[in-house]
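K.L.:
Dropping in run-v7.cif, with mmCIF, C-alpha atoms and all ligand atoms.
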```cif
data_input
#
loop_
_atom_site.label_atom_id
_atom_site.label_comp_id
_atom_site.auth_asym_id
_atom_site.auth_seq_id
_atom_site.Cartn_x
_atom_site.Cartn_y
_atom_site.Cartn_z
CA MET Z 1 87.67 157.69 138.81
CA SER Z 2 89.63 159.37 141.60
CA PRO Z 3 93.44 159.22 141.37
CA PRO Z 4 95.21 156.68 143.59
CA SER Z 5 96.42 158.12 146.91
CA SER Z 6 100.13 158.84 147.31
CA SER Z 7 100.53 155.73 149.50
CA THR Z 8 99.65 153.55 146.51
CA ILE Z 9 102.05 155.15 144.04
CA ASN Z 10 105.55 153.74 143.73
CA GLY Z 11 108.68 155.68 142.68
CA SER Z 12 108.02 155.20 138.95
CA GLY Z 13 104.57 156.77 139.13
CA ASP Z 14 102.79 153.42 138.58
CA PRO Z 15 100.17 152.28 141.07
CA ALA Z 16 101.87 150.03 143.64
CA PRO Z 17 100.69 146.41 143.89
CA ALA Z 18 98.08 145.85 146.62
CA VAL Z 19 100.40 143.53 148.55
CA ARG Z 20 104.02 144.42 149.19
CA VAL Z 21 106.47 142.83 151.60
CA LEU Z 22 109.40 144.76 153.00
CA GLY Z 23 111.92 142.03 153.49
CA PHE Z 24 115.28 140.43 153.13
CA SER Z 25 115.03 136.96 151.52
CA PRO Z 26 117.38 135.13 153.93
CA SER Z 27 115.32 136.26 156.94
CA PRO Z 28 113.42 133.31 158.45
CA PHE Z 29 110.67 135.71 159.50
CA VAL Z 30 110.26 137.01 155.96
CA THR Z 31 110.13 133.39 154.70
CA ARG Z 32 107.09 132.80 156.95
CA VAL Z 33 105.19 135.66 155.34
CA LEU Z 34 106.06 134.63 151.79
CA VAL Z 35 104.99 131.02 152.43
CA ALA Z 36 101.64 132.22 153.83
CA LEU Z 37 101.04 134.46 150.80
CA LYS Z 38 101.93 131.65 148.41
CA LEU Z 39 99.65 129.20 150.22
CA LYS Z 40 96.80 131.65 149.76
CA GLY Z 41 97.73 132.30 146.14
CA VAL Z 42 98.17 136.02 146.79
CA GLU Z 43 100.39 137.94 144.37
CA TYR Z 44 102.91 140.19 146.08
CA GLU Z 45 105.92 142.35 145.44
CA LEU Z 46 108.97 141.75 147.62
CA LEU Z 47 110.87 144.95 148.30
CA GLU Z 48 114.31 143.74 149.36
CA GLU Z 49 116.12 145.71 152.04
CA LYS Z 50 119.85 145.89 151.27
CA VAL Z 51 122.23 144.36 153.82
CA GLY Z 52 123.30 147.03 156.32
CA THR Z 53 120.58 149.52 155.40
CA LYS Z 54 117.08 150.37 156.54
CA SER Z 55 114.94 152.02 153.88
CA GLU Z 56 112.85 155.10 154.60
CA LEU Z 57 109.77 153.00 153.88
CA LEU Z 58 110.82 150.41 156.50
CA LEU Z 59 111.54 153.07 159.13
CA ARG Z 60 108.18 154.68 158.43
CA SER Z 61 106.28 151.38 158.32
CA ASN Z 62 107.78 149.73 161.42
CA PRO Z 63 109.00 152.69 163.50
CA ILE Z 64 109.01 150.71 166.77
CA HIS Z 65 111.18 147.69 165.89
CA LYS Z 66 112.55 148.86 162.50
CA LYS Z 67 112.71 145.19 161.45
CA VAL Z 68 111.55 143.11 158.51
CA PRO Z 69 109.13 141.67 157.58
CA VAL Z 70 106.48 144.32 157.12
CA LEU Z 71 103.40 143.57 155.05
CA LEU Z 72 101.87 146.54 153.24
CA TYR Z 73 98.30 145.94 152.16
CA HIS Z 74 96.98 148.88 150.14
CA GLY Z 75 99.77 150.87 151.80
CA LYS Z 76 98.77 149.96 155.37
CA PRO Z 77 101.63 148.32 157.31
CA ILE Z 78 101.56 145.28 159.62
CA SER Z 79 104.66 144.03 161.46
CA GLU Z 80 105.77 140.85 163.25
CA SER Z 81 105.83 137.70 161.15
CA LEU Z 82 103.36 135.59 163.13
CA ILE Z 83 100.88 138.46 163.37
CA ILE Z 84 101.22 138.96 159.61
CA VAL Z 85 100.59 135.23 158.98
CA GLU Z 86 97.38 135.40 161.05
CA TYR Z 87 96.36 138.56 159.20
CA ILE Z 88 96.89 136.90 155.82
CA ASP Z 89 94.80 133.93 156.97
CA GLU Z 90 91.95 136.28 157.92
CA VAL Z 91 92.06 138.62 154.92
CA TRP Z 92 92.23 135.79 152.37
CA ALA Z 93 89.93 133.44 154.32
CA SER Z 94 87.51 132.84 151.49
CA ASN Z 95 89.65 132.54 148.38
CA GLY Z 96 89.51 128.74 148.28
CA ALA Z 97 92.85 127.99 149.94
CA PRO Z 98 92.82 125.97 153.19
CA ALA Z 99 92.84 127.91 156.48
CA ILE Z 100 96.29 128.35 158.03
CA LEU Z 101 95.08 128.32 161.64
CA PRO Z 102 92.76 125.54 162.82
CA ARG Z 103 89.06 126.37 163.20
CA ASP Z 104 88.77 124.81 166.66
CA PRO Z 105 89.66 127.39 169.37
CA HIS Z 106 91.56 124.86 171.49
CA ASP Z 107 93.61 123.61 168.53
CA ARG Z 108 94.25 127.22 167.58
CA ALA Z 109 95.45 128.09 171.08
CA VAL Z 110 97.73 125.02 171.11
CA GLN Z 111 99.33 126.07 167.81
CA ARG Z 112 99.86 129.62 169.11
CA PHE Z 113 101.47 128.18 172.26
CA TRP Z 114 103.97 126.18 170.22
CA ALA Z 115 104.66 129.04 167.83
CA GLN Z 116 105.53 131.28 170.77
CA TYR Z 117 107.70 128.52 172.22
CA ILE Z 118 109.54 128.29 168.88
CA ASP Z 119 110.24 132.03 168.87
CA ASP Z 120 111.29 132.06 172.53
CA LYS Z 121 113.77 129.21 172.07
CA ILE Z 122 115.06 128.85 168.52
CA PRO Z 123 116.14 132.32 167.26
CA PRO Z 124 118.13 133.11 170.45
CA ALA Z 125 119.98 129.77 170.20
CA ILE Z 126 120.69 130.37 166.49
CA ARG Z 127 122.17 133.78 167.37
CA VAL Z 128 124.52 132.19 169.92
CA LEU Z 129 125.66 129.46 167.53
CA ARG Z 130 126.19 132.01 164.76
CA SER Z 131 127.96 134.71 166.72
CA VAL Z 132 129.26 133.71 170.14
CA ASP Z 133 132.79 132.32 170.39
CA ILE Z 134 132.57 130.94 173.94
CA ALA Z 135 132.49 127.12 173.88
CA GLU Z 136 130.33 126.69 177.02
CA GLU Z 137 127.69 129.09 175.68
CA LYS Z 138 127.62 127.24 172.37
CA GLU Z 139 127.26 123.92 174.14
CA LYS Z 140 124.37 125.29 176.18
CA ALA Z 141 122.66 126.57 173.01
CA VAL Z 142 123.07 123.16 171.32
CA GLY Z 143 121.51 121.50 174.37
CA GLU Z 144 118.59 123.94 174.36
CA LEU Z 145 117.99 123.53 170.63
CA SER Z 146 118.06 119.73 170.91
CA THR Z 147 115.56 119.81 173.79
CA THR Z 148 113.35 122.23 171.87
CA LEU Z 149 113.35 120.00 168.78
CA GLN Z 150 112.47 116.98 170.90
CA TYR Z 151 109.47 118.79 172.38
CA LEU Z 152 108.48 119.82 168.85
CA GLU Z 153 108.78 116.18 167.74
CA GLU Z 154 106.16 115.31 170.37
CA ALA Z 155 104.04 118.32 169.37
CA PHE Z 156 104.20 117.17 165.74
CA VAL Z 157 102.92 113.70 166.59
CA LYS Z 158 99.98 115.18 168.53
CA CYS Z 159 99.10 118.01 166.09
CA SER Z 160 99.52 116.09 162.83
CA GLN Z 161 97.57 113.00 163.96
CA GLY Z 162 99.43 110.80 161.53
CA LYS Z 163 99.18 113.26 158.64
CA ASN Z 164 101.94 115.09 156.78
CA TYR Z 165 102.04 118.45 158.54
CA PHE Z 166 101.49 120.08 161.92
CA GLY Z 167 98.38 121.46 160.19
CA GLY Z 168 97.19 117.96 159.16
CA ASP Z 169 96.81 117.45 155.41
CA ASN Z 170 97.95 121.00 154.67
CA ILE Z 171 100.71 123.32 155.76
CA GLY Z 172 99.41 125.32 158.74
CA TYR Z 173 100.50 127.93 161.24
CA LEU Z 174 103.06 125.80 163.11
CA ASP Z 175 104.53 124.45 159.88
CA ILE Z 176 105.12 128.05 158.84
CA ALA Z 177 106.44 129.11 162.26
CA LEU Z 178 109.02 126.31 162.42
CA GLY Z 179 109.59 125.87 158.69
CA GLY Z 180 110.70 129.47 158.22
CA LEU Z 181 113.56 128.77 160.62
CA PHE Z 182 114.49 125.42 159.09
CA GLY Z 183 117.22 126.74 156.76
CA TRP Z 184 118.89 128.61 159.60
CA ILE Z 185 118.85 125.58 161.92
CA LYS Z 186 120.61 123.60 159.16
CA ALA Z 187 123.02 126.51 158.60
CA VAL Z 188 124.11 126.69 162.23
CA GLU Z 189 124.57 122.91 162.23
CA LYS Z 190 127.20 123.56 159.57
CA LEU Z 191 128.66 126.73 161.09
CA ALA Z 192 129.01 125.25 164.58
CA GLY Z 193 129.82 121.68 163.43
CA VAL Z 194 126.96 120.11 165.40
CA LYS Z 195 124.07 117.76 164.63
CA LEU Z 196 120.66 119.02 165.72
CA PHE Z 197 118.28 116.99 163.56
CA GLU Z 198 119.21 113.50 164.79
CA GLU Z 199 117.29 110.60 163.25
CA ALA Z 200 117.21 108.72 166.56
CA LYS Z 201 115.72 111.68 168.43
CA VAL Z 202 113.46 113.53 165.98
CA PRO Z 203 112.55 111.08 163.15
CA ASN Z 204 109.13 112.63 162.51
CA LEU Z 205 110.52 116.16 162.32
CA ILE Z 206 113.14 115.02 159.81
CA SER Z 207 110.46 113.50 157.55
CA TRP Z 208 108.29 116.59 158.03
CA ALA Z 209 111.20 118.87 157.00
CA ASP Z 210 111.81 116.77 153.87
CA ARG Z 211 108.16 117.24 152.86
CA PHE Z 212 107.95 120.90 153.89
CA ARG Z 213 110.93 122.17 151.91
CA VAL Z 214 109.75 120.72 148.59
CA HIS Z 215 106.14 121.94 148.95
CA PRO Z 216 105.21 124.22 146.01
CA ALA Z 217 104.47 127.13 148.38
CA VAL Z 218 107.86 126.74 150.04
CA MET Z 219 110.50 125.55 147.58
CA ASP Z 220 111.02 128.92 145.86
CA VAL Z 221 111.22 130.99 149.05
CA LEU Z 222 113.14 128.80 151.52
CA VAL Z 223 116.80 129.78 151.30
CA ASP Z 224 119.28 126.91 151.15
CA ALA Z 225 121.47 126.35 154.24
CA ASP Z 226 124.71 126.61 152.22
CA ILE Z 227 123.70 130.07 150.98
CA LEU Z 228 122.95 131.11 154.57
CA VAL Z 229 126.37 129.83 155.67
CA ASP Z 230 128.09 131.87 152.91
CA LEU Z 231 126.04 134.93 153.83
CA THR Z 232 126.98 134.61 157.50
CA LEU Z 233 130.67 134.33 156.66
CA LYS Z 234 130.48 137.29 154.26
CA TYR Z 235 128.71 139.62 156.71
CA ILE Z 236 130.01 138.15 159.97
CA THR Z 237 130.78 141.55 161.56
CA LEU Z 238 127.25 142.80 160.95
CA PHE Z 239 125.64 139.53 162.06
CA LYS Z 240 127.67 139.49 165.26
CA ALA Z 241 126.75 143.08 166.06
CA LEU Z 242 123.03 142.41 165.49
CA ASP Z 243 123.09 139.06 167.31
CA LEU Z 244 124.92 140.50 170.32
CA GLY Z 245 122.73 143.62 170.43
CA LEU Z 246 125.62 146.02 169.75
CA PRO Z 247 124.88 149.42 168.19
CA VAL Z 248 124.99 149.35 164.37
CA GLU Z 249 125.26 152.49 162.25
CA PHE Z 250 123.20 151.30 159.33
CA GLY Z 251 123.85 154.19 156.92
CA LYS Z 252 127.64 154.09 157.30
CA LEU Z 253 127.78 150.32 157.26
CA ALA Z 254 125.97 150.13 153.93
CA GLN Z 255 128.75 152.07 152.19
CA ASN Z 256 131.24 149.37 153.22
CA LEU Z 257 129.01 146.40 152.45
CA ASN Z 258 127.10 147.04 149.24
N1 LIG Z 301 109.88 138.96 165.91
C1 LIG Z 301 110.13 139.52 164.61
C2 LIG Z 301 111.60 139.33 164.29
C3 LIG Z 301 112.00 140.08 163.02
C4 LIG Z 301 113.53 140.18 162.87
O1 LIG Z 301 114.29 139.89 163.79
N2 LIG Z 301 113.97 140.61 161.66
C5 LIG Z 301 115.38 140.78 161.41
C6 LIG Z 301 115.77 140.09 160.12
S1 LIG Z 301 115.87 138.35 160.35
C7 LIG Z 301 115.70 142.25 161.24
O2 LIG Z 301 114.98 143.00 160.62
N3 LIG Z 301 116.85 142.67 161.80
C8 LIG Z 301 117.35 144.01 161.70
C9 LIG Z 301 117.68 144.57 163.04
O3 LIG Z 301 117.71 143.83 164.03
O4 LIG Z 301 117.94 145.77 163.12
C10 LIG Z 301 109.22 138.84 163.59
O5 LIG Z 301 108.77 137.72 163.85
O6 LIG Z 301 108.90 139.45 162.54
#
```
Please re-express this file's structure in structure tokens.
Ligand SMILES: N[C@@H](CCC(=O)N[C@@H](CS)C(=O)NCC(=O)O)C(=O)O
P.N.:
Amino acid sequence: MSPPSSSTINGSGDPAPAVRVLGFSPSPFVTRVLVALKLKGVEYELLEEKVGTKSELLLRSNPIHKKVPVLLYHGKPISESLIIVEYIDEVWASNGAPAILPRDPHDRAVQRFWAQYIDDKIPPAIRVLRSVDIAEEKEKAVGELSTTLQYLEEAFVKCSQGKNYFGGDNIGYLDIALGGLFGWIKAVEKLAGVKLFEEAKVPNLISWADRFRVHPAVMDVLVDADILVDLTLKYITLFKALDLGLPVEFGKLAQNLN
């Protein structure tokens, strides 16, 4: 038998697991990847990046964006959470778990449309509510998030067709795309003192969220909103710098944070 290549050896000299995720548990984008792996029953090792640092492996694996998550499969890296979720769906297509993306090309395109809409609208509004101190900007972000959730309420009714999830009977692509962000939406509700999930406006999304967060593939990886609030308050300077696109000296910062 030939020895494993250097890309499959970890620091201790043991062969590295086939599936590794470079991540940071509170990241909504990392949550998406972990939910997809759990749905497919794939064993993985989560390599946690420390707050305020970027590991050599991360810089090497995602040299363009230098962000988590990165999925390493037999040492080969893939970046961008939604691309990783699609990749997982394809690689583990025949292991008995339900497909994450719908089979029908039109349904698949519709889910991709909404997933892109989610990423265009929700993370930027979360960043404003977490880090901007100007009242008018916050108000605008609350308005945008409320409108976005209302559109997603309508999308849920159409996609789910009376079933439990956007994906029908099972958690699918849109459930993962929105569900990963769920904890952070609840956290900014608390941080900014606003109500985004209003029963009168998004009743179906509220019921969906209640089902999603207790699903066996989700409950262990979705980080609780209160923990995200504490984390934000603890690392507020770093979060503000990242959210506002200011330069961050990761190496130096780590010495003060960890
Ligand atoms: N579009 C990316 C977003 C990834 C992202 O923003 N990751 C954050 C953690 S939540 C990160 O690594 N931030 C570090 C930085 O901005 O330098 C995805 O979907 O994977």
K.L.:
Using all atoms listed in the file, determine which residues lie at most 7 Å from range 178-193 of chain Z, disregarding the query and same-chain residues fewer than 2 positions distant; provide the list as a PyMOL selection string.
P.N.:
chain Z and resi 28-29+31-32+118+126+129-130+174-176+195-196+222-226+228-229
K.L.:
Distance limit 9 Å, reference ligand LIG 301 (chain Z), atoms considered: only C-alpha atoms and all ligand atoms. Which residues make the cut? Give them as a PDB file with C-alpha atoms, in the coordinates of the input.
P.N.:
```pdb
ATOM      1  CA  GLY Z  23     111.920 142.030 153.490  1.00  0.00           C
ATOM      2  CA  PHE Z  24     115.280 140.430 153.130  1.00  0.00           C
ATOM      3  CA  SER Z  25     115.030 136.960 151.520  1.00  0.00           C
ATOM      4  CA  PRO Z  26     117.380 135.130 153.930  1.00  0.00           C
ATOM      5  CA  SER Z  27     115.320 136.260 156.940  1.00  0.00           C
ATOM      6  CA  PRO Z  28     113.420 133.310 158.450  1.00  0.00           C
ATOM      7  CA  PHE Z  29     110.670 135.710 159.500  1.00  0.00           C
ATOM      8  CA  VAL Z  30     110.260 137.010 155.960  1.00  0.00           C
ATOM      9  CA  ARG Z  32     107.090 132.800 156.950  1.00  0.00           C
ATOM     10  CA  VAL Z  33     105.190 135.660 155.340  1.00  0.00           C
ATOM     11  CA  GLY Z  52     123.300 147.030 156.320  1.00  0.00           C
ATOM     12  CA  THR Z  53     120.580 149.520 155.400  1.00  0.00           C
ATOM     13  CA  LYS Z  54     117.080 150.370 156.540  1.00  0.00           C
ATOM     14  CA  HIS Z  65     111.180 147.690 165.890  1.00  0.00           C
ATOM     15  CA  LYS Z  66     112.550 148.860 162.500  1.00  0.00           C
ATOM     16  CA  LYS Z  67     112.710 145.190 161.450  1.00  0.00           C
ATOM     17  CA  VAL Z  68     111.550 143.110 158.510  1.00  0.00           C
ATOM     18  CA  PRO Z  69     109.130 141.670 157.580  1.00  0.00           C
ATOM     19  CA  VAL Z  70     106.480 144.320 157.120  1.00  0.00           C
ATOM     20  CA  SER Z  79     104.660 144.030 161.460  1.00  0.00           C
ATOM     21  CA  GLU Z  80     105.770 140.850 163.250  1.00  0.00           C
ATOM     22  CA  SER Z  81     105.830 137.700 161.150  1.00  0.00           C
ATOM     23  CA  LEU Z  82     103.360 135.590 163.130  1.00  0.00           C
ATOM     24  CA  ILE Z  83     100.880 138.460 163.370  1.00  0.00           C
ATOM     25  CA  ILE Z  84     101.220 138.960 159.610  1.00  0.00           C
ATOM     26  CA  ASP Z 119     110.240 132.030 168.870  1.00  0.00           C
ATOM     27  CA  PRO Z 123     116.140 132.320 167.260  1.00  0.00           C
ATOM     28  CA  LEU Z 242     123.030 142.410 165.490  1.00  0.00           C
ATOM     29  CA  ASP Z 243     123.090 139.060 167.310  1.00  0.00           C
ATOM     30  CA  GLY Z 245     122.730 143.620 170.430  1.00  0.00           C
ATOM     31  CA  VAL Z 248     124.990 149.350 164.370  1.00  0.00           C
ATOM     32  CA  PHE Z 250     123.200 151.300 159.330  1.00  0.00           C
TER      33      PHE Z 250
END
```
K.L.:
As a PyMOL selection string, please: the residues near Gln111 in chain Z (cut-off 9 Å, all atoms listed in the file, same-chain neighbours under 4 positions excluded).
P.N.:
chain Z and resi 101-102+106-107+115-116+159+166-167+173-174
K.L.:
Could you state the separation of CA of Leu46 in chain Z and CA of Gly75 in chain Z in Å, given to one decimal place?
P.N.:
13.6 Å
K.L.:
When distances are computed from only C-alpha atoms, which of Z:Asp133, Z:Leu238, Z:Pro98, Z:Pro63 shows the smallest separation from Asp169 in chain Z?
P.N.:
Z:Pro98
K.L.:
Range 27-131 of chain Z near range 143-155 of chain Z within 9 Å: what's each residue's closest atom pair and its distance in Å to one decimal, counting all atoms listed in the file, ordered by chain then ascending residue number, as CSV?
P.N.:
```
residue,atom,partner,partner_atom,distance
Z:Trp114,CA,Z:Ala155,CA,7.9
Z:Tyr117,CA,Z:Thr148,CA,8.5
Z:Ile118,CA,Z:Thr148,CA,7.8
Z:Lys121,CA,Z:Thr148,CA,7.0
Z:Ile122,CA,Z:Leu145,CA,6.4
Z:Ala125,CA,Z:Leu145,CA,6.6
Z:Ile126,CA,Z:Leu145,CA,8.4
```
K.L.:
When you draw a straight line from CA of Ala217 in chain Z to CA of Lys201 in chain Z, how long is it in Å?
P.N.:
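A separation of 27.7 Å between them.
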